[in-house]
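Engineer: Just dropping this structure here.
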Amino acid sequence: MANFNKLIHSIVPVWAFVFLASVLVGAIYAAQLVGFSMLDNTLLNAATTRSLHITLMLYGPMMLALSLLPFALFSKDGLNLDDAVVPIRNYFFLWHLFLFMAALSIGLGVQRGLPFYDFAYELNFLLALSGVFYIIAIFKIIKQYSVPPIWVKVSKAALFSAPIALLILMNPEIGQVEKTLVGPHGDNTLGMSFTLIPLFYLLIKIHAKDDFKPKWHIFWVLPFVAYIVSVATRILRGDLSYGEEWIYQWMTFAYAPLLIKWCRDAKITLRSAPYLVISIWTFLFVMIQGNILFFPEIRFAMHKNDITIAHAHLAVGLGIFFMSMSVLSYFYKFHKAFIHFWLYVIGIIFVSLTLAGFDEAGFLKIDVITMWYARLIAGVLAVTGLAFYILQKMEYKKPSILQLYHLSGFASDGLGALILILAGPLLFEFLGLSFSPYYYLVFGFMGFVGILHLIGITKEAHLLAYLTSIARIITGTMFLSLFYLETIDMLGLLVGFYDISFALVYLLFRNRL
């Protein structure tokens with residue numbers, strides 16, 4: 001168990017920075033909506049920041065934290081989680097690789113304009129591969145049960161079907177995600193809502209003090225059967241009528257009595273499980289709101305205006321986020337004040353966008369731009385608050401000279417590469433230098449060297465300093481040669497001089513570092 005907890009504690013800081021990045025690009029997008037145009041000619045234009053915000057939110061740390069749910073149950077049952085460390089580490093690595101590739105490709109313009117995922121379909125195969133290691137990790141643990149619980153037996157089928165279902169549902173030809181471009185899509189709402197029910201069941205099971213026995217199964221069986229019928233109908237017959245979609249949409253009401261019954265039976269309260277209770281309240285509110293918005297007179301006036309955006313922020317930014325926190329808090333303790341801080345942030349966003357949506361639908365007269373500024377203020381507060389909580393968790397000690405060398409290398413090559421990838425054409429134009437798309441390969445190599453420096457801050461400092469110095473000598477000499485051959489402009493001279501100089505600092509004085 002100690003090794004598993006150590007893995008989680010080492011990975012949470014990475015998730016924190018990814019989540020901060022997802023909120024940051026969301027705040028940038030909010031600024032762009034009110035006229036901030038400085039980044040319009042960079043990779044961080046409005047379409048890209050929106051796409052990155054949605055992708056990192058839906059497929060980032062929240063989903064990874066939720067995937068720890070069965071392991072929390074295993075721990076509660078007294079099982080040793082250390083057997084799962086190796087496959088779960090591979091699972092995390094592949095998912096992180098997916099996030100990196102998705103973010104980079106979206107930044108370079110590989111976007112599909114879909115509401116729920118905007119990356120290339122082929123990247124789903126990487127997620128499916130990560131799921132294989134996740135399945136291995138699960139099976140390594142459940143072997144410890146003499147008699148597996150019912151939830152484990154049921155989950156086995158879901159585990160094996162999940163990677164295949166992912167590739168089918170995300171498929172551009174036969175999948176359901178493409179249907180979200182047009183409305184209505186009540187059956188998609190029913191399906192997405194249903195995926196949360198088993199998660200709520202397992203979360204209630206974790207936080208219940210006594211043995212929890214679920215009842216009223218009919219309230220999840222009927223919606224599940226209905227969703228299967230809707231998927232089969234779309235594949236075999238074609239699109240559903242508005243009336244058919246409305247029936248599927250309204251079947252989500254069945255989840256309300258089910259969750260209320262389960263919470264009462266498990267004696268779950270706001271005091272005993274605040275993250276979980278707030279998540280359930282949010283889910284029920286969003287479900288009721290979604291059904292109201294499906295009325296034709298309301299839907300066609302408000303669909304895809306700001307009230308829909310407010311609806312999504314509440315569902316994901318509060319409901320799913322607090323659901324993931326209720327899982328992660330089992331392994332990692334968070335500051336209690338964070339709950340109130342995040343409620344205020346999402347509250348401001350939800351209210352401001354809802355009022356803007358009413359104005360856009362003609363139901364209310366209010367200045368939409370002012371509401372967008374309120375959303376931006378909430379985004380800035382979110383970025384500032386998250387950075388504050390992250391800094392509180394960080395430990396500081398005086399760095400050595402060699403660590404400062406690596407830190408400066410990371411700042412120049414790692415952060416420098418990031419800036420150049422995002423705004424290279426704009427910066428080159430400002431400096432009067434010619435830009436070629438092939439320079440992105442150079443920026444990628446810069447980023448790699450920067451990552452080596454970042455690793456060198458904490459481990460193998462001399463080895464990584466030596467390797468990066470050799471790399472700088474080689475690349476610096478090549479850039480100088482290309483400059484003298486007049487096949488590259490002043491950039492070659494600048495890069496060559498800088499790389500060789502930086503390398504010589506270590507190679508000449510390494511005995512003193």
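Labeling convention for the structure tokens: chains A, B, ... as they appear, residues from 1 per chain, ligands from 1 in order of appearance.
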When you look at Val449 in chain A with a cut-off of 12 Å (counting only C-alpha atoms), what residues show up, excluding the ones that are within fewer than 4 positions of it in the same chain? I need them as a PyMOL selection string.
Structural biologist: chain A and resi 406-417+442-445+453-456+464-472+475+499+503
Engineer: Quick one: everything within 10 Å of Leu328 in chain A, counting only C-alpha atoms, minus sequence neighbours fewer than 4 positions away in the same chain. Send it as an mmCIF file with N, CA and C atoms, in the first residue's frame.
Structural biologist:
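The resulting part_5.cif:
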data_model
loop_
_atom_site.group_PDB
_atom_site.id
_atom_site.type_symbol
_atom_site.label_atom_id
_atom_site.label_comp_id
_atom_site.auth_asym_id
_atom_site.auth_seq_id
_atom_site.Cartn_x
_atom_site.Cartn_y
_atom_site.Cartn_z
ATOM 1 N N ILE A 8 0.770 7.846 -6.066
ATOM 2 C CA ILE A 8 -0.291 8.854 -6.167
ATOM 3 C C ILE A 8 0.222 10.214 -5.725
ATOM 4 N N VAL A 12 0.120 13.535 -8.266
ATOM 5 C CA VAL A 12 -0.845 14.618 -8.023
ATOM 6 C C VAL A 12 -0.281 15.992 -8.400
ATOM 7 N N MET A 62 -9.184 15.168 -13.986
ATOM 8 C CA MET A 62 -10.444 14.729 -13.385
ATOM 9 C C MET A 62 -10.758 13.276 -13.736
ATOM 10 N N LEU A 64 -8.573 11.003 -14.703
ATOM 11 C CA LEU A 64 -7.547 10.154 -14.100
ATOM 12 C C LEU A 64 -7.834 9.925 -12.619
ATOM 13 N N ALA A 65 -8.274 10.972 -11.923
ATOM 14 C CA ALA A 65 -8.616 10.829 -10.506
ATOM 15 C C ALA A 65 -9.813 9.898 -10.332
ATOM 16 N N LEU A 66 -10.800 10.018 -11.207
ATOM 17 C CA LEU A 66 -11.973 9.136 -11.123
ATOM 18 C C LEU A 66 -11.592 7.678 -11.345
ATOM 19 N N SER A 67 -10.568 7.437 -12.147
ATOM 20 C CA SER A 67 -10.159 6.053 -12.403
ATOM 21 C C SER A 67 -9.555 5.381 -11.177
ATOM 22 N N LEU A 68 -9.256 6.159 -10.133
ATOM 23 C CA LEU A 68 -8.743 5.575 -8.883
ATOM 24 C C LEU A 68 -9.864 5.050 -7.996
ATOM 25 N N LEU A 69 -11.104 5.230 -8.422
ATOM 26 C CA LEU A 69 -12.255 4.848 -7.609
ATOM 27 C C LEU A 69 -12.226 3.387 -7.155
ATOM 28 N N ALA A 72 -9.707 2.803 -4.386
ATOM 29 C CA ALA A 72 -10.134 3.275 -3.063
ATOM 30 C C ALA A 72 -11.006 2.226 -2.380
ATOM 31 N N PHE A 322 -15.893 17.805 -8.386
ATOM 32 C CA PHE A 322 -16.023 17.396 -6.996
ATOM 33 C C PHE A 322 -16.173 15.879 -6.866
ATOM 34 N N MET A 323 -16.717 15.246 -7.888
ATOM 35 C CA MET A 323 -16.753 13.790 -7.884
ATOM 36 C C MET A 323 -15.330 13.225 -7.888
ATOM 37 N N SER A 324 -14.482 13.792 -8.733
ATOM 38 C CA SER A 324 -13.083 13.335 -8.777
ATOM 39 C C SER A 324 -12.358 13.661 -7.476
ATOM 40 N N TYR A 332 -5.255 11.532 -0.897
ATOM 41 C CA TYR A 332 -4.500 12.777 -0.832
ATOM 42 C C TYR A 332 -5.367 13.840 -0.156
ATOM 43 N N LYS A 333 -4.843 14.484 0.852
ATOM 44 C CA LYS A 333 -5.619 15.452 1.629
ATOM 45 C C LYS A 333 -5.507 16.851 1.021
ATOM 46 N N PHE A 334 -6.657 17.510 0.937
ATOM 47 C CA PHE A 334 -6.717 18.861 0.382
ATOM 48 C C PHE A 334 -7.112 19.859 1.463
#
Engineer: Leaving out Glu360 in chain A and any residue of its chain fewer than 5 positions from it, which residues lie within 10 Å of it when counting only C-alpha atoms, given as an MDAnalysis selection string?
Structural biologist: chainID A and resid 301:302 305:307 354:355 365:368
Engineer: Using C-alpha atoms, can you export the residues from the last selection as a compact mmCIF listing (two decimals), in the first residue's frame?
Structural biologist:
# COMPACT_ATOMS: atom_id res chain seq x y z
CA ALA A 301 -34.13 29.95 -28.07
CA MET A 302 -31.31 28.96 -25.71
CA ASN A 305 -26.05 30.18 -26.32
CA ASP A 306 -24.37 31.15 -23.05
CA ILE A 307 -26.85 29.33 -20.84
CA THR A 354 -26.86 32.19 -17.30
CA LEU A 355 -27.86 35.87 -17.26
CA LYS A 365 -32.35 42.65 -20.86
CA ILE A 366 -28.79 42.75 -19.55
CA ASP A 367 -25.36 43.74 -20.87
CA VAL A 368 -23.82 40.48 -22.14
Engineer: Go through range 424-504 of chain A and flag each residue having an atom no more than 12 Å from range 102-123 of chain A; for those, report the closest pair of atoms plus their distance in Å to one decimal, using only C-alpha atoms, ordered by chain and rising number, as CSV.
Structural biologist:
residue,atom,partner,partner_atom,distance
A:Gly424,CA,A:Leu108,CA,11.7
A:Pro437,CA,A:Leu108,CA,10.4
A:Tyr440,CA,A:Leu108,CA,9.8
A:Gly444,CA,A:Leu104,CA,10.5
Engineer: How about saving the chosen residues, N, CA and C atoms kept, as a compact mmCIF listing (two decimals), in the first residue's frame?
Structural biologist:
# COMPACT_ATOMS: atom_id res chain seq x y z
N GLY A 424 5.84 31.50 -32.02
CA GLY A 424 7.03 31.63 -32.83
C GLY A 424 6.89 32.58 -34.00
N PRO A 437 7.97 26.62 -40.91
CA PRO A 437 7.31 25.60 -40.08
C PRO A 437 8.27 24.52 -39.57
N TYR A 440 9.56 24.29 -35.91
CA TYR A 440 8.89 23.60 -34.81
C TYR A 440 9.66 22.35 -34.38
N GLY A 444 10.92 21.68 -30.68
CA GLY A 444 10.70 20.41 -29.99
C GLY A 444 11.98 19.89 -29.35
Engineer: With distances taken over only C-alpha atoms, which of A:Thr55, A:Thr189, A:Asn5, A:Ser352 is nearest to Gly379 in chain A?
Structural biologist: A:Ser352
